[in-house]
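Chemist: Contents of model.cif (mmCIF, C-alpha atoms):
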```
data_data
#
loop_
_atom_site.label_atom_id
_atom_site.label_comp_id
_atom_site.auth_asym_id
_atom_site.auth_seq_id
_atom_site.Cartn_x
_atom_site.Cartn_y
_atom_site.Cartn_z
CA MET A 1 6.59 -22.72 -16.30
CA ALA A 2 6.50 -26.37 -17.40
CA ALA A 3 3.12 -28.12 -17.59
CA GLY A 4 3.97 -30.45 -14.71
CA ALA A 5 5.03 -27.56 -12.48
CA ALA A 6 1.88 -25.62 -13.38
CA THR A 7 -0.28 -28.62 -12.44
CA GLN A 8 1.56 -29.02 -9.15
CA THR A 9 1.09 -25.33 -8.34
CA ALA A 10 -2.61 -25.57 -9.09
CA THR A 11 -3.05 -28.42 -6.59
CA GLN A 12 -0.92 -26.92 -3.81
CA SER A 13 -2.24 -24.72 -1.03
CA LEU A 14 -0.74 -21.24 -0.78
CA ARG A 15 1.16 -22.35 2.30
CA GLU A 16 2.61 -25.31 0.39
CA GLN A 17 3.65 -23.04 -2.49
CA ALA A 18 5.42 -20.74 -0.04
CA LEU A 19 7.30 -23.59 1.63
CA ASP A 20 8.17 -25.06 -1.76
CA GLY A 21 9.51 -21.72 -3.00
CA THR A 22 7.05 -21.76 -5.89
CA PRO A 23 6.15 -18.41 -7.51
CA LEU A 24 2.51 -17.57 -6.89
CA HIS A 25 1.22 -18.08 -10.42
CA GLY A 26 -2.58 -18.22 -10.52
CA THR A 27 -3.00 -16.03 -7.42
CA LEU A 28 -3.47 -12.29 -7.88
CA VAL A 29 -0.80 -10.44 -5.90
CA ILE A 30 -0.79 -6.63 -5.78
CA ASP A 31 1.76 -4.95 -3.55
CA ASN A 32 0.13 -1.75 -2.32
CA HIS A 33 3.27 -0.28 -0.71
CA CYS A 34 6.51 0.10 -2.70
CA HIS A 35 9.12 2.88 -2.67
CA LEU A 36 10.80 3.69 -5.97
CA GLY A 37 14.43 4.81 -6.10
CA PRO A 38 17.23 5.07 -3.55
CA ALA A 39 16.95 6.54 -0.08
CA PRO A 40 19.75 8.64 1.41
CA HIS A 41 19.98 6.95 4.79
CA PHE A 42 20.40 3.24 3.98
CA TYR A 43 21.32 0.95 1.11
CA GLN A 44 18.56 -0.72 -0.87
CA THR A 45 19.02 -3.35 -3.57
CA TYR A 46 16.87 -3.46 -6.72
CA ASN A 47 15.34 -0.07 -5.98
CA ASP A 48 14.76 1.03 -9.59
CA ALA A 49 11.84 0.03 -11.81
CA ALA A 50 13.70 -2.80 -13.54
CA GLY A 51 14.93 -4.21 -10.23
CA MET A 52 11.46 -4.12 -8.70
CA VAL A 53 9.91 -5.92 -11.67
CA ALA A 54 12.65 -8.56 -11.52
CA THR A 55 11.75 -9.16 -7.86
CA MET A 56 8.08 -9.33 -8.77
CA ASP A 57 8.75 -11.91 -11.49
CA ARG A 58 10.79 -14.05 -9.13
CA ILE A 59 8.06 -14.35 -6.52
CA GLY A 60 5.01 -14.22 -8.77
CA MET A 61 3.73 -10.72 -8.00
CA ASP A 62 1.39 -9.28 -10.61
CA GLN A 63 1.43 -5.56 -9.82
CA ALA A 64 3.10 -3.10 -7.48
CA CYS A 65 1.99 0.38 -6.45
CA VAL A 66 5.02 2.68 -6.55
CA PHE A 67 5.73 6.11 -5.09
CA SER A 68 9.15 7.63 -5.42
CA THR A 69 11.36 8.34 -2.44
CA MET A 70 12.33 11.56 -4.23
CA ALA A 71 8.73 12.80 -4.00
CA ILE A 72 8.38 11.82 -0.35
CA MET A 73 11.64 13.35 0.84
CA PHE A 74 12.80 16.08 -1.52
CA ASP A 75 10.92 17.15 -4.62
CA MET A 76 7.23 16.47 -5.15
CA ARG A 77 7.06 17.11 -8.91
CA GLU A 78 10.37 15.50 -9.89
CA GLY A 79 9.61 12.48 -7.75
CA ASN A 80 6.11 12.08 -9.13
CA ASP A 81 7.52 12.25 -12.65
CA ARG A 82 9.80 9.32 -11.78
CA SER A 83 6.85 7.23 -10.61
CA LEU A 84 4.83 8.05 -13.71
CA GLU A 85 7.78 7.17 -15.93
CA ALA A 86 8.22 3.82 -14.18
CA ALA A 87 4.55 3.04 -14.82
CA ARG A 88 5.01 3.93 -18.50
CA GLN A 89 8.05 1.66 -18.72
CA TYR A 90 6.18 -1.28 -17.20
CA PRO A 91 2.50 -0.81 -18.05
CA GLY A 92 0.19 -3.02 -16.06
CA ARG A 93 2.98 -4.06 -13.69
CA LEU A 94 3.96 -0.81 -11.92
CA LEU A 95 1.11 1.46 -10.83
CA ALA A 96 2.05 5.05 -10.05
CA TYR A 97 0.81 6.93 -6.98
CA GLY A 98 1.04 10.70 -6.68
CA VAL A 99 2.69 12.19 -3.59
CA PRO A 100 1.70 15.59 -2.14
CA ASP A 101 4.05 17.91 -0.28
CA PRO A 102 1.86 19.53 2.39
CA HIS A 103 4.41 22.33 2.80
CA GLU A 104 3.57 23.44 -0.74
CA ALA A 105 -0.16 23.44 -0.15
CA ASP A 106 -0.89 25.90 -2.96
CA LEU A 107 0.62 23.45 -5.48
CA VAL A 108 -0.77 20.16 -4.18
CA ARG A 109 -4.15 20.15 -5.93
CA ASP A 110 -2.79 20.89 -9.40
CA GLU A 111 0.14 18.50 -8.94
CA LEU A 112 -1.99 15.58 -7.86
CA GLN A 113 -4.54 16.24 -10.60
CA ARG A 114 -1.65 16.28 -13.08
CA CYS A 115 -0.58 12.87 -11.80
CA ILE A 116 -4.11 11.46 -12.01
CA ASP A 117 -4.50 12.78 -15.55
CA ALA A 118 -1.17 11.10 -16.42
CA GLY A 119 -2.32 7.73 -15.10
CA ALA A 120 -1.68 7.70 -11.35
CA VAL A 121 -4.15 5.37 -9.62
CA GLY A 122 -3.66 6.42 -6.00
CA ILE A 123 -2.08 8.85 -3.55
CA LYS A 124 0.72 8.31 -1.04
CA MET A 125 1.24 10.48 2.04
CA HIS A 126 4.05 10.25 4.58
CA ALA A 127 3.09 12.53 7.44
CA GLY A 128 6.11 11.30 9.42
CA VAL A 129 8.78 12.29 6.91
CA ALA A 130 6.93 15.51 6.11
CA GLN A 131 6.60 16.23 9.84
CA TYR A 132 3.13 17.51 9.11
CA PRO A 133 -0.17 16.50 10.78
CA PHE A 134 -2.41 14.11 8.86
CA GLU A 135 -5.41 16.39 9.39
CA GLY A 136 -3.53 19.58 8.44
CA PRO A 137 -4.78 21.85 5.62
CA GLY A 138 -1.85 20.98 3.34
CA TYR A 139 -3.28 17.48 2.90
CA ARG A 140 -6.88 18.53 2.30
CA PRO A 141 -6.51 18.68 -1.51
CA ALA A 142 -5.28 15.09 -1.45
CA PHE A 143 -8.34 13.97 0.51
CA GLU A 144 -10.67 15.90 -1.77
CA LEU A 145 -9.21 14.48 -4.99
CA ALA A 146 -9.12 10.94 -3.61
CA ASP A 147 -12.75 11.35 -2.56
CA ARG A 148 -13.80 12.74 -5.96
CA HIS A 149 -11.99 10.08 -7.99
CA ARG A 150 -12.53 7.25 -5.48
CA LEU A 151 -8.83 6.52 -5.15
CA PRO A 152 -6.79 4.55 -2.61
CA LEU A 153 -4.85 6.90 -0.33
CA ILE A 154 -2.12 5.24 1.73
CA SER A 155 -0.61 7.24 4.56
CA HIS A 156 2.27 6.64 6.94
CA GLY A 157 0.76 8.47 9.89
CA THR A 158 -2.98 9.04 10.30
CA GLY A 159 -3.20 10.92 13.59
CA THR A 160 -5.25 9.44 16.42
CA PRO A 161 -7.90 6.79 15.77
CA ASP A 162 -10.57 9.44 16.37
CA THR A 163 -8.91 11.72 13.81
CA LEU A 164 -8.80 8.94 11.22
CA ARG A 165 -12.44 8.07 11.83
CA ARG A 166 -13.51 11.69 11.46
CA ILE A 167 -11.53 12.25 8.24
CA ALA A 168 -12.75 8.94 6.77
CA ARG A 169 -16.37 9.94 7.36
CA GLU A 170 -15.75 13.39 5.90
CA TYR A 171 -14.38 11.86 2.68
CA PRO A 172 -16.38 8.64 2.17
CA GLY A 173 -15.25 8.17 -1.44
CA CYS A 174 -11.58 7.96 -0.45
CA HIS A 175 -10.19 4.51 0.35
CA PHE A 176 -7.92 5.22 3.34
CA ILE A 177 -5.07 2.73 3.83
CA VAL A 178 -3.19 2.93 7.14
CA ALA A 179 0.43 2.06 6.36
CA HIS A 180 2.07 -0.55 8.61
CA ALA A 181 -1.06 -0.97 10.76
CA ALA A 182 -1.50 -4.70 10.07
CA GLY A 183 2.12 -5.25 11.05
CA ALA A 184 1.63 -3.86 14.54
CA ASN A 185 0.59 -5.58 17.75
CA PRO A 186 -3.21 -5.55 17.40
CA HIS A 187 -3.75 -5.32 21.15
CA LYS A 188 -1.65 -2.15 21.34
CA THR A 189 -3.47 -0.63 18.34
CA ILE A 190 -6.95 -1.97 19.04
CA ASP A 191 -8.64 1.44 18.66
CA LEU A 192 -7.09 1.86 15.21
CA VAL A 193 -7.98 -1.70 14.22
CA MET A 194 -11.58 -1.08 15.20
CA VAL A 195 -11.71 2.02 12.98
CA ALA A 196 -10.86 -0.25 10.04
CA ALA A 197 -13.33 -2.89 11.19
CA GLU A 198 -16.16 -0.36 11.54
CA GLU A 199 -15.55 2.25 8.83
CA PRO A 200 -16.26 0.98 5.30
CA ASN A 201 -13.48 3.02 3.65
CA VAL A 202 -10.57 2.31 6.04
CA TYR A 203 -8.04 -0.49 5.42
CA LEU A 204 -4.88 -1.79 7.10
CA ASP A 205 -1.56 -2.39 5.32
CA THR A 206 0.68 -5.36 6.18
CA ALA A 207 4.12 -3.72 5.70
CA ALA A 208 6.19 -4.12 8.86
CA SER A 209 9.81 -4.33 9.94
CA VAL A 210 9.06 -6.77 12.77
CA GLY A 211 6.24 -9.27 13.15
CA TYR A 212 5.41 -11.17 16.31
CA ARG A 213 4.02 -14.69 16.29
CA GLY A 214 0.23 -14.71 16.09
CA ASP A 215 -0.19 -10.95 15.64
CA PHE A 216 -1.12 -11.10 11.97
CA THR A 217 -3.71 -13.84 12.49
CA GLU A 218 -5.25 -11.84 15.32
CA MET A 219 -5.38 -8.75 13.11
CA VAL A 220 -7.32 -10.71 10.50
CA ARG A 221 -9.71 -11.94 13.17
CA LEU A 222 -10.33 -8.46 14.54
CA ALA A 223 -10.53 -6.40 11.34
CA GLY A 224 -11.57 -9.05 8.82
CA ALA A 225 -9.59 -10.24 5.80
CA ASN A 226 -11.52 -7.88 3.54
CA LYS A 227 -10.01 -4.86 5.36
CA ILE A 228 -6.32 -5.85 5.04
CA LEU A 229 -4.06 -5.18 2.03
CA TYR A 230 -0.72 -6.80 1.28
CA GLY A 231 2.15 -4.34 1.29
CA SER A 232 5.85 -5.14 1.37
CA ASP A 233 7.51 -1.71 1.77
CA MET A 234 10.07 -2.94 -0.76
CA PRO A 235 12.86 -2.19 -1.39
CA TRP A 236 13.01 -0.72 2.13
CA THR A 237 12.20 -4.22 3.42
CA CYS A 238 12.08 -7.67 1.84
CA ALA A 239 8.99 -8.46 -0.25
CA THR A 240 9.21 -12.20 0.44
CA TYR A 241 9.30 -11.70 4.21
CA GLN A 242 6.07 -9.72 4.09
CA LEU A 243 4.54 -12.24 1.69
CA GLY A 244 5.43 -15.08 4.04
CA ARG A 245 3.54 -13.45 6.90
CA VAL A 246 0.38 -13.84 4.83
CA LEU A 247 1.07 -17.18 3.15
CA LEU A 248 2.16 -19.03 6.31
CA SER A 249 -0.55 -17.68 8.59
CA PRO A 250 -3.27 -20.11 9.78
CA ILE A 251 -6.08 -18.43 7.86
CA THR A 252 -7.95 -19.80 4.85
CA ASP A 253 -6.61 -19.56 1.30
CA ALA A 254 -9.69 -17.51 0.41
CA GLU A 255 -8.75 -14.98 3.10
CA LYS A 256 -5.14 -14.93 1.89
CA ARG A 257 -6.26 -14.20 -1.68
CA ARG A 258 -8.41 -11.32 -0.46
CA ILE A 259 -5.42 -9.81 1.31
CA LEU A 260 -2.85 -10.49 -1.41
CA GLY A 261 -4.69 -8.79 -4.23
CA GLU A 262 -8.44 -9.14 -4.51
CA ASN A 263 -9.26 -6.38 -2.02
CA LEU A 264 -7.13 -3.76 -3.76
CA ALA A 265 -8.29 -4.85 -7.22
CA GLU A 266 -11.85 -4.13 -6.13
CA LEU A 267 -10.87 -0.66 -4.90
CA PHE A 268 -9.20 0.15 -8.22
CA LYS A 269 -12.45 -0.70 -10.03
CA THR A 270 -14.19 2.21 -8.29
CA LYS A 271 -11.84 4.83 -9.81
CA ARG A 272 -13.61 7.52 -11.80
#
```
Would you give me this structure, written as structure tokens?
Modeler:
Amino acid sequence: MAAGAATQTATQSLREQALDGTPLHGTLVIDNHCHLGPAPHFYQTYNDAAGMVATMDRIGMDQACVFSTMAIMFDMREGNDRSLEAARQYPGRLLAYGVPDPHEADLVRDELQRCIDAGAVGIKMHAGVAQYPFEGPGYRPAFELADRHRLPLISHGTGTPDTLRRIAREYPGCHFIVAHAAGANPHKTIDLVMVAAEEPNVYLDTAASVGYRGDFTEMVRLAGANKILYGSDMPWTCATYQLGRVLLSPITDAEKRRILGENLAELFKTKR
């Protein structure tokens, strides 16, 4: 970036940078929700590691947490290997998450520990695709390892709000991230929002297919900016659309920076 452009970026608000189309240099952006590789049911552009990094460079994203679609839908070990390889190809940019298959419960603990030993920094669960209950025994090893190593665990599907609250209290060292929750209508999900507001280890993820005017701002008001994490769901959805929901919202730049990257960076520091 030229010196003049860098100076202009430094003096602009985050909203102004978004409207100007300026990459977010100088603001930590960590995407906590990215799918790696193609999906069988719809076309996705830039779905490989190189394509994702190119998208990140274009918009000024520092890091992205990746979990392979292969692991979520078909083959736990092969898919996890693809995520780990992507992280090795782009160290410091792509951060691998391990994915458990709850239908292979006897293999989950060793597989996730293998991923952690190989550099995975979190765990991804998709109870919907797996058609398996969040609180079921096949996911217990994932909770236990996330609790022991103090890892983020993002899940698409967390059961009822009471179930999430109970599991979160049972595993206080695990940082539970509720996928898509901060993209929902907060008044329809108020019980879930209040779990995040009240439980110290529960967070809400911004990834959403549809956003309604004012919903995101209300979510920040109810849960607090420190309990919301930026997630794009790319390449399943557009990273810039999700980013715009944060950047153009009428909240402070300090709150936006918490959501865009500072919150998740703090969680990563607790890993052990």
Chemist: I want to know what sits within 12 Å of stretch 17-30 of chain A, based on only C-alpha atoms, with residues of the same chain fewer than 6 positions away left out; could you give that as JSON, numbers by chain?
Modeler: {"A": [1, 5, 6, 7, 8, 9, 10, 11, 55, 56, 57, 58, 59, 60, 61, 62, 63, 64, 65, 66, 92, 93, 94, 95, 205, 229, 230, 231, 232, 239, 240, 241, 242, 243, 244, 245, 246, 247, 248, 249, 253, 254, 256, 257, 258, 259, 260, 261, 262, 263, 264, 265, 266, 267, 268]}
Chemist: Please evaluate the PyMOL selection byres ((chain A and resi 149) around 8) against the structure above and give the resulting residues as a PDB file with C-alpha atoms, in the frame of the given file.
Modeler:
```pdb
ATOM      1  CA  LEU A 145      -9.210  14.480  -4.990  1.00  0.00           C
ATOM      2  CA  ALA A 146      -9.120  10.940  -3.610  1.00  0.00           C
ATOM      3  CA  ASP A 147     -12.750  11.350  -2.560  1.00  0.00           C
ATOM      4  CA  ARG A 148     -13.800  12.740  -5.960  1.00  0.00           C
ATOM      5  CA  ARG A 150     -12.530   7.250  -5.480  1.00  0.00           C
ATOM      6  CA  LEU A 151      -8.830   6.520  -5.150  1.00  0.00           C
ATOM      7  CA  GLY A 173     -15.250   8.170  -1.440  1.00  0.00           C
ATOM      8  CA  CYS A 174     -11.580   7.960  -0.450  1.00  0.00           C
ATOM      9  CA  LYS A 271     -11.840   4.830  -9.810  1.00  0.00           C
ATOM     10  CA  ARG A 272     -13.610   7.520 -11.800  1.00  0.00           C
TER      11      ARG A 272
END
```
Chemist: A:Met73, A:Leu192, A:Ala225, A:Leu204: which is nearest A:Gln131, counting all atoms listed in the file?
Modeler: A:Met73
Chemist: Name the residues in contact with A:Phe134 at a cut-off of 10 Å, using all atoms listed in the file, excluding same-chain residues fewer than 4 positions from it; report them as a CSV table (one decimal) with C-alpha atoms, in the frame of the given file.
Modeler:
```
chain,number,residue,atom,x,y,z
A,102,PRO,CA,1.9,19.5,2.4
A,125,MET,CA,1.2,10.5,2.0
A,126,HIS,CA,4.0,10.2,4.6
A,127,ALA,CA,3.1,12.5,7.4
A,128,GLY,CA,6.1,11.3,9.4
A,130,ALA,CA,6.9,15.5,6.1
A,138,GLY,CA,-1.8,21.0,3.3
A,139,TYR,CA,-3.3,17.5,2.9
A,140,ARG,CA,-6.9,18.5,2.3
A,155,SER,CA,-0.6,7.2,4.6
A,156,HIS,CA,2.3,6.6,6.9
A,157,GLY,CA,0.8,8.5,9.9
A,158,THR,CA,-3.0,9.0,10.3
A,159,GLY,CA,-3.2,10.9,13.6
A,160,THR,CA,-5.2,9.4,16.4
A,163,THR,CA,-8.9,11.7,13.8
A,164,LEU,CA,-8.8,8.9,11.2
A,167,ILE,CA,-11.5,12.2,8.2
```
Chemist: What gap, in Å, lies between atom CA of A:Asn185 and atom CA of A:Ala168?
Modeler: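 Those two atoms sit 22.6 Å apart.
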Chemist: Restricting the calculation to all atoms listed in the file, which member of A:Tyr171, A:His187, A:Val193, A:Ala105 is positioned closest to A:Gly224?
Modeler: A:Val193
Chemist: Which one is closest to A:Ala208: A:His33, A:Ala39, A:Val129, A:Leu112? Count only C-alpha atoms.
Modeler: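 The answer is A:His33, which sits nearest to A:Ala208.
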Chemist: I'd like to know which of A:Ala142, A:Cys238, A:Ala71, A:Val202 is closest to A:Gln113, using all atoms listed in the file.
Modeler: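 Of the candidates, the smallest distance to A:Gln113 is held by A:Ala142.
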Chemist: Padding 8 Å on each side, edges along x, y and z: where is the centre of the box around the listed atoms of stretch 132-136 of chain A, and how long are its edges in Å to one decimal? Output it as AutoDock Vina command-line options.
Modeler:
```
--center_x -1.1 --center_y 16.8 --center_z 9.6 --size_x 24.5 --size_y 21.5 --size_z 18.3
```
Chemist: For this file, the PyMOL selection byres ((chain A and resi 181) around 7) selects which residues, as a PDB file with C-alpha atoms, keeping the file's coordinate frame?
Modeler:
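Below you can see part.pdb, which holds the result:
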```pdb
ATOM      1  CA  VAL A 178      -3.190   2.930   7.140  1.00  0.00           C
ATOM      2  CA  ALA A 179       0.430   2.060   6.360  1.00  0.00           C
ATOM      3  CA  HIS A 180       2.070  -0.550   8.610  1.00  0.00           C
ATOM      4  CA  ALA A 182      -1.500  -4.700  10.070  1.00  0.00           C
ATOM      5  CA  GLY A 183       2.120  -5.250  11.050  1.00  0.00           C
ATOM      6  CA  ALA A 184       1.630  -3.860  14.540  1.00  0.00           C
ATOM      7  CA  LEU A 204      -4.880  -1.790   7.100  1.00  0.00           C
ATOM      8  CA  ASP A 205      -1.560  -2.390   5.320  1.00  0.00           C
ATOM      9  CA  THR A 206       0.680  -5.360   6.180  1.00  0.00           C
TER      10      THR A 206
END
```
